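Enquirer: For reference, this is model-v8.txt, and it has compact mmCIF, C-alpha atoms and all ligand atoms.
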```txt
# COMPACT_ATOMS: atom_id res chain seq x y z
CA MET A 1 166.43 46.24 2.11
CA LEU A 2 168.29 46.28 -1.14
CA LYS A 3 166.50 43.19 -2.40
CA TYR A 4 163.25 45.17 -2.79
CA MET A 5 164.95 47.85 -4.89
CA ARG A 6 166.67 45.14 -6.91
CA ARG A 7 163.30 43.54 -7.59
CA ALA A 8 161.94 46.94 -8.71
CA MET A 9 164.94 47.27 -11.06
CA GLU A 10 164.27 43.81 -12.47
CA LEU A 11 160.64 44.75 -13.14
CA ALA A 12 161.73 48.00 -14.80
CA GLU A 13 163.65 45.97 -17.42
CA ASN A 14 160.34 44.61 -18.73
CA GLY A 15 159.71 48.02 -20.27
CA ARG A 16 163.07 48.23 -22.07
CA ARG A 17 162.57 49.92 -25.46
CA SER A 18 158.77 49.85 -25.31
CA VAL A 19 158.87 52.96 -23.08
CA SER A 20 161.52 54.99 -24.94
CA PRO A 21 162.16 57.88 -24.75
CA ASN A 22 160.78 57.53 -21.23
CA PRO A 23 162.95 55.85 -18.59
CA VAL A 24 162.40 52.23 -17.53
CA VAL A 25 160.85 52.30 -14.04
CA GLY A 26 159.78 49.57 -11.65
CA CYS A 27 158.19 49.71 -8.21
CA VAL A 28 157.12 47.45 -5.35
CA LEU A 29 154.92 47.90 -2.29
CA VAL A 30 156.43 46.36 0.83
CA ARG A 31 154.38 45.34 3.89
CA ASP A 32 155.92 43.62 6.93
CA GLY A 33 159.01 42.65 4.99
CA LYS A 34 157.10 41.19 2.04
CA ILE A 35 156.34 42.52 -1.41
CA ILE A 36 152.55 42.68 -1.69
CA ALA A 37 152.31 44.37 -5.10
CA GLU A 38 154.66 45.17 -7.97
CA ASP A 39 154.50 46.78 -11.39
CA TRP A 40 156.46 48.72 -14.02
CA HIS A 41 156.12 51.33 -16.73
CA ARG A 42 155.00 49.19 -19.64
CA GLU A 43 154.59 51.39 -22.69
CA TYR A 44 155.33 54.92 -23.79
CA GLY A 45 152.30 57.15 -23.25
CA LYS A 46 150.66 54.64 -20.87
CA GLY A 47 150.60 54.50 -17.07
CA HIS A 48 153.80 55.00 -15.08
CA ALA A 49 154.94 52.24 -12.69
CA GLU A 50 153.47 53.78 -9.50
CA ARG A 51 150.14 54.50 -11.21
CA ASN A 52 149.94 50.94 -12.55
CA LEU A 53 150.70 49.47 -9.13
CA LEU A 54 148.47 51.69 -6.99
CA GLY A 55 145.66 51.83 -9.57
CA ALA A 56 145.32 48.03 -9.57
CA LEU A 57 145.85 47.55 -5.82
CA GLU A 58 143.08 45.71 -4.01
CA GLY A 59 142.57 46.89 -0.45
CA GLU A 60 144.02 49.89 1.34
CA VAL A 61 147.58 51.05 1.75
CA LEU A 62 148.55 50.81 5.45
CA PRO A 63 150.57 53.58 7.18
CA ASP A 64 153.70 51.41 7.47
CA ASP A 65 153.62 50.15 3.91
CA VAL A 66 156.60 51.36 1.89
CA LEU A 67 156.44 52.17 -1.80
CA MET A 68 159.86 51.60 -3.39
CA VAL A 69 160.39 53.05 -6.85
CA THR A 70 163.54 53.09 -8.97
CA LEU A 71 163.12 56.69 -10.25
CA GLU A 72 161.57 59.76 -8.67
CA PRO A 73 157.75 59.91 -9.09
CA CYS A 74 156.68 62.62 -11.53
CA CYS A 75 154.58 65.54 -10.35
CA HIS A 76 153.41 66.82 -13.74
CA GLN A 77 150.21 65.72 -15.44
CA GLY A 78 151.91 64.34 -18.59
CA LYS A 79 150.05 61.76 -20.68
CA SER A 80 148.81 59.64 -17.79
CA GLY A 81 148.46 61.90 -14.73
CA ALA A 82 151.01 62.79 -12.05
CA CYS A 83 152.36 59.87 -10.03
CA THR A 84 152.48 62.05 -6.92
CA ASP A 85 148.66 62.47 -7.22
CA ILE A 86 147.93 58.76 -7.02
CA ILE A 87 150.49 58.28 -4.22
CA LEU A 88 148.65 60.93 -2.15
CA GLU A 89 145.20 59.70 -3.20
CA LYS A 90 145.95 56.13 -2.09
CA GLY A 91 147.30 57.28 1.28
CA VAL A 92 150.89 56.06 0.90
CA LYS A 93 152.95 57.38 3.83
CA LYS A 94 156.45 56.06 3.12
CA VAL A 95 158.35 56.15 -0.13
CA VAL A 96 161.88 55.08 -1.05
CA VAL A 97 163.14 56.59 -4.33
CA GLY A 98 166.18 55.16 -6.12
CA VAL A 99 167.38 58.15 -8.12
CA LEU A 100 166.06 61.63 -8.86
CA ASP A 101 164.78 62.63 -12.28
CA PRO A 102 167.87 63.95 -14.14
CA ASN A 103 165.95 66.79 -15.77
CA PRO A 104 167.07 69.85 -13.76
CA GLU A 105 163.67 71.48 -14.29
CA VAL A 106 161.70 68.65 -12.70
CA GLY A 107 164.30 66.73 -10.68
CA GLY A 108 163.57 66.87 -6.95
CA LYS A 109 160.12 68.41 -7.35
CA GLY A 110 158.25 65.12 -6.98
CA VAL A 111 160.14 64.32 -3.79
CA SER A 112 159.66 67.87 -2.39
CA LEU A 113 155.93 67.78 -3.07
CA LEU A 114 155.50 64.46 -1.25
CA ARG A 115 157.58 65.69 1.69
CA GLU A 116 155.51 68.90 1.86
CA MET A 117 152.41 66.72 2.05
CA GLY A 118 153.88 65.00 5.11
CA LEU A 119 155.19 61.76 3.58
CA ASP A 120 158.48 60.20 4.68
CA VAL A 121 160.57 60.05 1.54
CA MET A 122 164.07 58.63 1.34
CA VAL A 123 166.16 59.15 -1.80
CA MET A 124 168.94 56.59 -2.16
CA GLU A 125 170.86 58.80 -4.58
CA SER A 126 171.08 61.74 -2.20
CA SER A 127 172.21 59.35 0.50
CA LYS A 128 175.50 58.74 -1.34
CA SER A 129 177.30 60.74 1.34
CA THR A 130 175.64 58.59 3.97
CA ILE A 131 176.78 55.49 2.15
CA GLN A 132 180.36 56.70 2.23
CA ASN A 133 179.99 57.73 5.87
CA PRO A 134 177.65 55.26 7.56
CA THR A 135 177.94 56.96 10.94
CA ASN A 136 176.05 59.91 9.46
CA THR A 137 173.08 60.65 11.72
CA ASP A 138 170.69 60.94 8.74
CA ILE A 139 170.45 57.19 8.59
CA LYS A 140 169.93 56.82 12.35
CA ASN A 141 167.06 59.29 12.24
CA SER A 142 165.58 57.86 9.08
CA PRO A 143 162.17 56.19 9.32
CA PHE A 144 163.61 53.60 6.92
CA LYS A 145 165.99 51.89 9.29
CA PHE A 146 165.25 48.64 7.51
CA CYS A 147 166.66 50.04 4.31
CA SER A 148 170.39 49.51 4.09
CA LEU A 149 172.20 51.62 1.51
CA SER A 150 174.54 50.72 -1.27
CA PHE A 151 176.71 52.96 -3.40
CA GLU A 152 176.83 50.23 -6.10
CA LEU A 153 173.07 50.06 -6.25
CA VAL A 154 172.79 53.80 -6.87
CA GLU A 155 175.33 53.44 -9.66
CA GLU A 156 173.33 50.54 -11.09
CA LEU A 157 170.12 52.57 -10.95
CA ILE A 158 171.74 55.36 -12.95
CA TRP A 159 173.29 52.82 -15.34
CA GLN A 160 169.89 51.22 -15.91
CA ASN A 161 168.61 54.50 -17.34
CA ARG A 162 171.85 55.74 -18.91
CA GLY A 163 170.03 56.28 -22.22
CA PHE A 164 167.34 58.42 -20.64
CA PHE A 165 169.88 60.35 -18.53
CA THR A 166 172.01 61.10 -21.62
CA TRP A 167 168.95 62.02 -23.68
CA VAL A 168 167.80 64.48 -21.01
CA THR A 169 171.14 66.01 -20.10
CA LYS A 170 172.97 65.96 -23.49
CA ARG A 171 169.99 65.89 -25.87
CA ARG A 172 171.42 62.89 -27.71
CA PRO A 173 171.28 59.09 -27.35
CA TRP A 174 173.80 57.08 -25.30
CA VAL A 175 176.35 55.85 -27.87
CA THR A 176 178.00 52.42 -27.65
CA LEU A 177 180.63 51.40 -30.22
CA LYS A 178 180.72 47.68 -30.93
CA MET A 179 183.93 46.55 -32.62
CA ALA A 180 185.08 43.03 -33.41
CA GLN A 181 188.77 42.78 -34.24
CA SER A 182 191.76 40.49 -34.31
CA LEU A 183 194.54 40.63 -31.72
CA ASP A 184 196.53 42.85 -34.10
CA GLY A 185 193.64 45.33 -34.48
CA ARG A 186 192.33 44.24 -37.87
CA ILE A 187 188.89 43.27 -39.11
CA THR A 188 189.41 41.34 -42.36
CA PRO A 189 192.33 39.63 -44.12
CA GLU A 190 191.72 41.92 -47.12
CA LYS A 191 189.94 45.22 -47.61
CA GLY A 192 186.29 45.06 -48.68
CA GLN A 193 185.80 41.46 -47.57
CA SER A 194 182.94 39.99 -45.57
CA TYR A 195 184.68 38.01 -42.84
CA TRP A 196 183.34 36.22 -39.74
CA LEU A 197 185.89 37.12 -37.15
CA THR A 198 184.19 36.05 -33.94
CA GLY A 199 182.54 32.82 -32.83
CA PRO A 200 178.90 31.91 -32.16
CA GLU A 201 179.06 32.91 -28.47
CA SER A 202 180.15 36.44 -29.38
CA ARG A 203 177.47 36.71 -32.04
CA GLU A 204 174.82 35.62 -29.56
CA HIS A 205 176.14 38.24 -27.14
CA VAL A 206 175.87 40.92 -29.84
CA HIS A 207 172.24 39.96 -30.45
CA LYS A 208 171.51 40.30 -26.73
CA GLN A 209 173.20 43.69 -26.77
CA ARG A 210 171.17 44.81 -29.79
CA ALA A 211 168.00 44.04 -27.87
CA GLN A 212 168.94 46.70 -25.30
CA PHE A 213 169.17 49.57 -27.78
CA ASP A 214 166.65 51.84 -29.46
CA ALA A 215 168.68 51.97 -32.68
CA ILE A 216 171.59 50.28 -34.50
CA LEU A 217 173.81 52.34 -36.82
CA VAL A 218 175.99 51.19 -39.76
CA GLY A 219 177.75 52.86 -42.65
CA VAL A 220 176.96 52.25 -46.30
CA GLY A 221 180.30 50.40 -46.62
CA THR A 222 179.11 47.69 -44.23
CA VAL A 223 175.74 47.38 -45.96
CA MET A 224 177.50 46.94 -49.34
CA VAL A 225 179.92 44.29 -48.09
CA ASP A 226 177.92 42.33 -45.50
CA ASN A 227 174.26 43.06 -46.37
CA PRO A 228 173.36 42.61 -42.67
CA MET A 229 169.79 42.27 -41.38
CA LEU A 230 170.56 44.04 -38.08
CA THR A 231 167.68 42.35 -36.26
CA VAL A 232 167.61 40.68 -32.85
CA ARG A 233 167.70 36.95 -33.48
CA LEU A 234 167.55 34.94 -30.27
CA GLU A 235 165.34 32.19 -28.99
CA LYS A 236 162.26 33.91 -27.57
CA SER A 237 162.85 32.41 -24.12
CA LYS A 238 166.14 34.24 -23.85
CA ILE A 239 164.68 37.70 -24.32
CA GLN A 240 162.23 38.61 -21.67
CA SER A 241 161.51 42.22 -22.36
CA THR A 242 162.06 43.07 -25.98
CA LYS A 243 159.03 41.32 -27.50
CA SER A 244 159.22 41.17 -31.26
CA LYS A 245 160.28 44.78 -31.67
CA ASN A 246 163.64 45.22 -33.36
CA PRO A 247 165.80 48.30 -32.85
CA ARG A 248 165.47 50.96 -35.53
CA VAL A 249 168.15 50.64 -38.22
CA VAL A 250 170.13 53.75 -39.13
CA VAL A 251 172.34 53.86 -42.26
CA LEU A 252 174.83 56.63 -43.09
CA ASP A 253 174.82 56.96 -46.86
CA ALA A 254 175.71 60.47 -48.01
CA ALA A 255 175.11 59.81 -51.73
CA LEU A 256 172.12 57.45 -51.34
CA SER A 257 173.95 54.52 -52.88
CA VAL A 258 172.60 51.68 -50.74
CA PRO A 259 171.18 49.04 -53.10
CA LEU A 260 167.39 48.84 -52.82
CA GLU A 261 167.54 45.07 -52.47
CA SER A 262 169.65 45.31 -49.28
CA GLU A 263 168.15 43.71 -46.16
CA VAL A 264 168.09 47.06 -44.36
CA MET A 265 165.90 48.70 -47.03
CA ARG A 266 162.71 48.05 -45.08
CA GLU A 267 159.95 49.84 -43.20
CA GLY A 268 161.25 52.15 -40.50
CA THR A 269 164.95 52.22 -41.48
CA MET A 270 166.41 55.73 -41.34
CA VAL A 271 168.90 56.66 -44.05
CA PHE A 272 170.92 59.84 -43.56
CA ARG A 273 172.19 61.52 -46.70
CA GLY A 274 174.13 64.67 -47.53
CA ARG A 275 172.17 67.83 -48.23
CA GLN A 276 174.17 68.48 -51.40
CA PHE A 277 173.12 65.16 -53.00
CA LYS A 278 169.68 66.37 -53.92
CA LYS A 279 169.77 64.89 -57.39
CA ARG A 280 169.02 61.30 -56.54
CA LEU A 281 165.31 62.00 -56.24
CA ALA A 282 164.21 58.79 -57.97
CA GLN A 283 166.33 56.69 -55.58
CA LYS A 284 164.95 58.61 -52.61
CA LYS A 285 161.39 58.00 -53.79
CA LEU A 286 162.05 54.26 -54.25
CA MET A 287 163.46 54.09 -50.72
CA GLU A 288 160.50 55.97 -49.28
CA ASP A 289 158.12 53.63 -51.11
CA ARG A 290 159.62 50.86 -48.96
CA GLY A 291 158.89 52.79 -45.77
CA VAL A 292 162.48 54.02 -45.40
CA VAL A 293 162.83 57.49 -43.87
CA VAL A 294 165.43 59.61 -45.69
CA ILE A 295 166.85 62.55 -43.74
CA GLU A 296 169.26 65.22 -44.95
CA VAL A 297 172.13 66.56 -42.86
CA ASP A 298 175.28 68.57 -43.59
CA THR A 299 178.53 67.00 -44.72
CA ASP A 300 182.13 67.94 -43.91
CA GLU A 301 185.00 68.56 -46.34
CA ASP A 302 185.52 64.76 -46.74
CA GLY A 303 181.88 64.31 -47.70
CA TYR A 304 181.12 62.63 -44.36
CA LEU A 305 177.78 63.26 -42.68
CA ASN A 306 177.65 65.45 -39.60
CA LEU A 307 177.30 63.04 -36.68
CA ARG A 308 176.09 65.63 -34.18
CA GLN A 309 173.19 66.53 -36.48
CA ILE A 310 172.40 62.83 -36.90
CA LEU A 311 172.31 62.33 -33.12
CA ASP A 312 170.07 65.40 -32.80
CA GLU A 313 167.65 63.85 -35.31
CA LEU A 314 167.69 60.51 -33.49
CA ALA A 315 167.06 62.22 -30.15
CA ALA A 316 164.19 64.17 -31.69
CA ALA A 317 162.74 60.86 -32.92
CA GLY A 318 162.78 59.63 -29.29
CA MET A 319 165.85 57.41 -29.44
CA THR A 320 167.82 57.33 -26.20
CA SER A 321 170.41 54.66 -27.03
CA LEU A 322 172.44 53.88 -30.15
CA TYR A 323 174.54 50.79 -30.90
CA VAL A 324 177.16 51.68 -33.52
CA GLU A 325 178.04 48.44 -35.29
CA GLY A 326 180.44 49.87 -37.81
CA GLY A 327 182.37 49.63 -39.89
CA PRO A 328 185.83 51.07 -39.35
CA ARG A 329 185.22 54.45 -40.99
CA ILE A 330 182.12 54.97 -38.92
CA TRP A 331 183.89 53.96 -35.66
CA SER A 332 186.76 56.35 -36.52
CA SER A 333 184.35 59.24 -37.12
CA PHE A 334 182.45 58.71 -33.87
CA LEU A 335 185.74 58.64 -31.95
CA ASN A 336 187.07 61.70 -33.76
CA ALA A 337 183.88 63.61 -32.94
CA ASP A 338 184.05 62.61 -29.23
CA LEU A 339 180.55 61.20 -29.44
CA VAL A 340 181.12 57.83 -27.76
CA ASP A 341 180.04 56.87 -24.25
CA GLU A 342 180.95 53.20 -24.18
CA VAL A 343 183.00 50.72 -26.18
CA ASN A 344 182.44 46.96 -26.52
CA VAL A 345 185.46 45.33 -28.17
CA TYR A 346 185.26 41.66 -29.19
CA LEU A 347 188.75 40.24 -29.56
CA ALA A 348 189.09 37.19 -31.78
CA PRO A 349 192.11 34.88 -31.25
CA GLU A 350 193.94 35.49 -34.51
CA PHE A 351 196.39 37.83 -36.21
CA LEU A 352 195.35 39.16 -39.60
CA GLY A 353 198.65 40.58 -40.72
CA ASN A 354 198.14 42.91 -43.66
CA GLY A 355 194.36 42.94 -43.32
CA GLU A 356 192.05 45.96 -43.01
CA VAL A 357 192.73 47.92 -39.79
CA SER A 358 189.87 48.57 -37.38
CA LEU A 359 190.37 52.34 -37.05
CA PRO A 360 191.75 53.56 -40.41
CA GLU A 361 190.75 57.19 -39.95
CA PHE A 362 191.12 57.66 -36.22
CA GLN A 363 192.93 60.97 -35.76
CA GLY A 364 194.79 59.82 -32.73
CA SER A 365 193.92 62.16 -29.87
CA SER A 366 194.17 60.04 -26.74
CA LYS A 367 190.99 58.90 -25.04
CA LYS A 368 190.78 57.63 -21.48
CA ILE A 369 188.63 54.57 -20.93
CA GLN A 370 187.39 53.28 -17.61
CA PHE A 371 187.35 49.48 -17.51
CA LYS A 372 183.92 48.00 -16.68
CA GLU A 373 184.01 44.29 -17.44
CA TRP A 374 185.40 41.54 -19.58
CA LYS A 375 183.77 38.27 -20.58
CA GLN A 376 185.06 35.13 -22.18
CA LEU A 377 182.77 34.15 -25.07
CA GLY A 378 183.95 30.81 -26.45
CA ASP A 379 187.44 31.52 -27.82
CA ASP A 380 186.82 35.29 -27.90
CA VAL A 381 187.02 37.96 -25.23
CA MET A 382 184.61 40.88 -24.91
CA TRP A 383 186.08 43.95 -23.22
CA ARG A 384 183.78 46.76 -22.14
CA GLY A 385 184.73 50.23 -20.98
CA LEU A 386 183.34 53.73 -20.54
CA PHE A 387 184.74 56.97 -21.87
CA VAL A 388 185.91 59.22 -19.12
CA THR A 389 184.47 62.69 -19.46
CA ASP A 390 185.76 65.73 -17.57
N1 LIG B 401 184.43 43.64 -37.27
C1 LIG B 401 183.31 44.31 -37.09
O1 LIG B 401 182.82 44.45 -35.96
C2 LIG B 401 182.65 44.92 -38.28
C3 LIG B 401 181.42 45.56 -38.14
C4 LIG B 401 180.86 46.17 -39.25
C5 LIG B 401 181.52 46.12 -40.48
N2 LIG B 401 182.68 45.47 -40.58
C6 LIG B 401 183.41 45.41 -41.86
O2 LIG B 401 183.74 46.75 -42.24
C7 LIG B 401 183.92 46.82 -43.62
C8 LIG B 401 183.22 48.05 -44.15
O3 LIG B 401 183.74 49.18 -43.48
P1 LIG B 401 184.01 50.58 -44.20
O4 LIG B 401 184.93 51.35 -43.36
O5 LIG B 401 184.40 50.31 -45.61
O6 LIG B 401 182.58 51.21 -44.25
P2 LIG B 401 181.61 51.75 -43.10
O7 LIG B 401 182.41 52.27 -41.96
O8 LIG B 401 180.56 50.74 -42.87
O9 LIG B 401 180.93 52.94 -43.87
C9 LIG B 401 181.72 54.03 -44.27
C10 LIG B 401 180.95 54.86 -45.27
O10 LIG B 401 179.85 55.49 -44.64
C11 LIG B 401 179.62 56.74 -45.22
N3 LIG B 401 179.63 57.79 -44.22
C12 LIG B 401 178.75 58.82 -44.18
N4 LIG B 401 179.00 59.61 -43.15
C13 LIG B 401 180.08 59.11 -42.53
C14 LIG B 401 180.81 59.53 -41.39
N5 LIG B 401 180.48 60.60 -40.68
N6 LIG B 401 181.90 58.80 -41.04
C15 LIG B 401 182.26 57.70 -41.72
N7 LIG B 401 181.59 57.25 -42.79
C16 LIG B 401 180.49 57.96 -43.20
C17 LIG B 401 180.75 56.99 -46.22
O11 LIG B 401 180.25 56.64 -47.50
P3 LIG B 401 179.45 57.76 -48.35
O12 LIG B 401 180.37 58.92 -48.43
O13 LIG B 401 179.16 57.09 -49.63
O14 LIG B 401 178.24 58.07 -47.58
C18 LIG B 401 181.79 55.99 -45.80
O15 LIG B 401 182.61 55.55 -46.84
C19 LIG B 401 183.40 45.52 -44.19
O16 LIG B 401 184.49 44.71 -44.53
C20 LIG B 401 182.63 44.91 -43.04
O17 LIG B 401 182.60 43.51 -43.10
C21 LIG B 401 183.27 44.87 -39.52
```
Please re-express this file's structure in C-alpha cells.

Expert:
Amino acid sequence: MLKYMRRAMELAENGRRSVSPNPVVGCVLVRDGKIIAEDWHREYGKGHAERNLLGALEGEVLPDDVLMVTLEPCCHQGKSGACTDIILEKGVKKVVVGVLDPNPEVGGKGVSLLREMGLDVMVMESSKSTIQNPTNTDIKNSPFKFCSLSFELVEELIWQNRGFFTWVTKRRPWVTLKMAQSLDGRITPEKGQSYWLTGPESREHVHKQRAQFDAILVGVGTVMVDNPMLTVRLEKSKIQSTKSKNPRVVVLDAALSVPLESEVMREGTMVFRGRQFKKRLAQKKLMEDRGVVVIEVDTDEDGYLNLRQILDELAAAGMTSLYVEGGPRIWSSFLNADLVDEVNVYLAPEFLGNGEVSLPEFQGSSKKIQFKEWKQLGDDVMWRGLFVTD
C-alpha cells in the first residue's frame, strides 16, 4: 500500500538538513495492515532509519511483517554499521525499498545481499516497467500483492533526495535559482535600489524554501544593497524538521569588499574570493575573526569567480542543495554556466519600466524548462520549473 511508503517519506523529512550530506530516509514496519513501528535517519553520523527502528523494536519481527524503507538499505559498515546486518539479525523476511542508492558503486548491492540471504525484496524503482505495464507477471508473482505501485511515488522518492542524488552523481549540490521580478522582467525601479517587489505571502514562501536547503548563495552586490540576514524566519510551529539550524550562507565577493558590519558577516558564512586578490590580508583576517570562512577560487576574464570550483568546494563541505537568491549578475552567471537544476520565479503584479532587468548578463543560449507547478501567493504568482538535461 502506497500509504505506508508515503508515511515513511513523511518521516524522512524530519531529518532534512540535519543528515546532509546523507540522504533523508524514513521507514515503517507493517504487520497485518498496520504500522507497528516507524523511524528515520535523524542526524549525520548517527543511526540510519532501519537501524533506529529495528534497534528500538520491542518484541520479535514476525515472518509476514514487512519493512518499508524509502531508500535502499546500505550494506557497508559506515559510521553506524550496515543496515543489512540489523535487518538479517532481527529476522526480517520481507522488505519493500523505494529507490536504489544512486551511487553506482553501492547501488543494488544492499538489495542483492538481502535477496541472497533469502529475503523477499521488492524495489519500487525497478518496478517502473511494471507500473507502466500492470499486466506484467512480476507483480502477480510478487509476495507483495498488497503493495500497489505508483510511477508518481517513485518520482517523488527521487525528488525527495534530489540533493543527495545530484551530490553523488554530479559531485555538486542541487542548484535552485530563486528570482523575484516584475511582469516586465525587472527587479527594481532604478539600479542599485533595495526594493520590496513581492508581498508577505511570497516572502513567507521563500523562508519555507530556505529551510529546505543546505546553503543560500548571494553576490556581494546584493549584500551591499539589501544587507540581508538570509536566515529562516518562520513561526516554529510551521517548520517541523529544520530545528533552529539555518542554512549556510555563501557570498561571492572576488575582491573581499563586503562590509564587516553586514548581517552575513557571522560564524559559518563562506565567502569566496578571487585568487589574485591576495592583498586584502587584513580584511580576510577580520572576517575570519568573526568565524567567516574565506575560500579562494579562480576568476574569469571579467573578474567573476569560477562557479564550478565554488560548487566543488560546497560539495566537499557536504552541501547537497544550494538556493541561489541573487542578484541578477549571479543568476546570469549560473545560467550561462549551465549550473542550474531548478528555477523558482516569483512574479509581482507590476511593470517597472526602465528599472533594473533581472538577467542583465544572460548570454542568451536557449534553455528548456519543464513546468512543475505554479502557486498563487497573495497578489503574486510563483512559477517553478526544472531544467531539461539531455
Ligand atoms: N528580486 C530578487 O529576487 C532579488 C534578489 C537578490 C537581489 N536583488 C537585487 O539585486 C541587486 C543587486 O544585484 P547585482 O547584480 O548588482 O549584484 P549580485 O548579483 O548580488 O552580485 C554581483 C557581484 O558578485 C560578484 N561576483 C563574483 N563572482 C561572480 C560571478 N561568477 N557571477 C556574478 N557575480 C559575481 C561580482 O562582484 P565582485 O567582482 O566585486 O566580486 C558581481 O558584481 C539589488 O538591487 C538587490 O536588491 C533582487

Enquirer: Which residues come within 8 Å of A:Lys93, counting all atoms listed in the file, excluding same-chain residues fewer than 5 positions away, as an MDAnalysis selection string?

Expert: chainID A and resid 63:66 118:120

Enquirer: How close does each residue of chain A get to ligand LIG 401 (chain B), giving the shortest atom pair and distance in Å to one decimal for every residue with an atom at most 6 Å away, counting all atoms listed in the file, sorted by chain and residue number, as JSON lines?

Expert:
```
{"residue": "A:Met179", "atom": "CA", "partner": "B:LIG401", "partner_atom": "O1", "distance": 4.1}
{"residue": "A:Ala180", "atom": "CA", "partner": "B:LIG401", "partner_atom": "O1", "distance": 3.7}
{"residue": "A:Gln181", "atom": "CA", "partner": "B:LIG401", "partner_atom": "N1", "distance": 5.4}
{"residue": "A:Ile187", "atom": "CA", "partner": "B:LIG401", "partner_atom": "N1", "distance": 4.8}
{"residue": "A:Gly192", "atom": "CA", "partner": "B:LIG401", "partner_atom": "O16", "distance": 4.5}
{"residue": "A:Gln193", "atom": "CA", "partner": "B:LIG401", "partner_atom": "O16", "distance": 4.6}
{"residue": "A:Ser194", "atom": "CA", "partner": "B:LIG401", "partner_atom": "O17", "distance": 4.3}
{"residue": "A:Tyr195", "atom": "CA", "partner": "B:LIG401", "partner_atom": "O17", "distance": 5.9}
{"residue": "A:Val218", "atom": "CA", "partner": "B:LIG401", "partner_atom": "O8", "distance": 5.5}
{"residue": "A:Gly219", "atom": "CA", "partner": "B:LIG401", "partner_atom": "O9", "distance": 3.4}
{"residue": "A:Val220", "atom": "CA", "partner": "B:LIG401", "partner_atom": "O10", "distance": 4.6}
{"residue": "A:Gly221", "atom": "CA", "partner": "B:LIG401", "partner_atom": "O6", "distance": 3.4}
{"residue": "A:Thr222", "atom": "CA", "partner": "B:LIG401", "partner_atom": "O8", "distance": 3.6}
{"residue": "A:Val225", "atom": "CA", "partner": "B:LIG401", "partner_atom": "C19", "distance": 5.4}
{"residue": "A:Asp226", "atom": "CA", "partner": "B:LIG401", "partner_atom": "O17", "distance": 5.4}
{"residue": "A:Leu252", "atom": "CA", "partner": "B:LIG401", "partner_atom": "C12", "distance": 4.6}
{"residue": "A:Asp253", "atom": "CA", "partner": "B:LIG401", "partner_atom": "O14", "distance": 3.7}
{"residue": "A:Ala254", "atom": "CA", "partner": "B:LIG401", "partner_atom": "O14", "distance": 3.5}
{"residue": "A:Ala255", "atom": "CA", "partner": "B:LIG401", "partner_atom": "O13", "distance": 5.3}
{"residue": "A:Gly303", "atom": "CA", "partner": "B:LIG401", "partner_atom": "O12", "distance": 5.6}
{"residue": "A:Tyr304", "atom": "CA", "partner": "B:LIG401", "partner_atom": "N4", "distance": 3.9}
{"residue": "A:Leu305", "atom": "CA", "partner": "B:LIG401", "partner_atom": "N4", "distance": 3.9}
{"residue": "A:Asn306", "atom": "CA", "partner": "B:LIG401", "partner_atom": "N5", "distance": 5.7}
{"residue": "A:Leu307", "atom": "CA", "partner": "B:LIG401", "partner_atom": "N5", "distance": 5.7}
{"residue": "A:Glu325", "atom": "CA", "partner": "B:LIG401", "partner_atom": "C3", "distance": 5.3}
{"residue": "A:Gly326", "atom": "CA", "partner": "B:LIG401", "partner_atom": "C4", "distance": 4.0}
{"residue": "A:Gly327", "atom": "CA", "partner": "B:LIG401", "partner_atom": "O7", "distance": 3.4}
{"residue": "A:Pro328", "atom": "CA", "partner": "B:LIG401", "partner_atom": "O4", "distance": 4.1}
{"residue": "A:Arg329", "atom": "CA", "partner": "B:LIG401", "partner_atom": "O7", "distance": 3.7}
{"residue": "A:Ile330", "atom": "CA", "partner": "B:LIG401", "partner_atom": "C15", "distance": 3.9}
{"residue": "A:Ser333", "atom": "CA", "partner": "B:LIG401", "partner_atom": "N6", "distance": 4.6}
```

Enquirer: Smallest atom-to-atom distance to A:Val294: which of A:Thr231, A:Thr269, A:Ser321, A:Ser150, using all atoms listed in the file?

Expert: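 Answer, going by the shortest atom-to-atom distance: A:Thr269.
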
Enquirer: Would you work out the distance separating atom CA of A:Glu152 from atom CA of A:Tyr4, expressed in Å to one decimal?

Expert: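 Calculated distance between atom CA of A:Glu152 and atom CA of A:Tyr4 is 14.9 Å.
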
Enquirer: Compile the contact shell of A:Gly318 as an MDAnalysis selection string: residues with an atom at most 10 Å away, counting all atoms listed in the file, same-chain residues fewer than 2 positions apart removed.

Expert: chainID A and resid 19:22 164 167 172:173 214 312:316 320:321
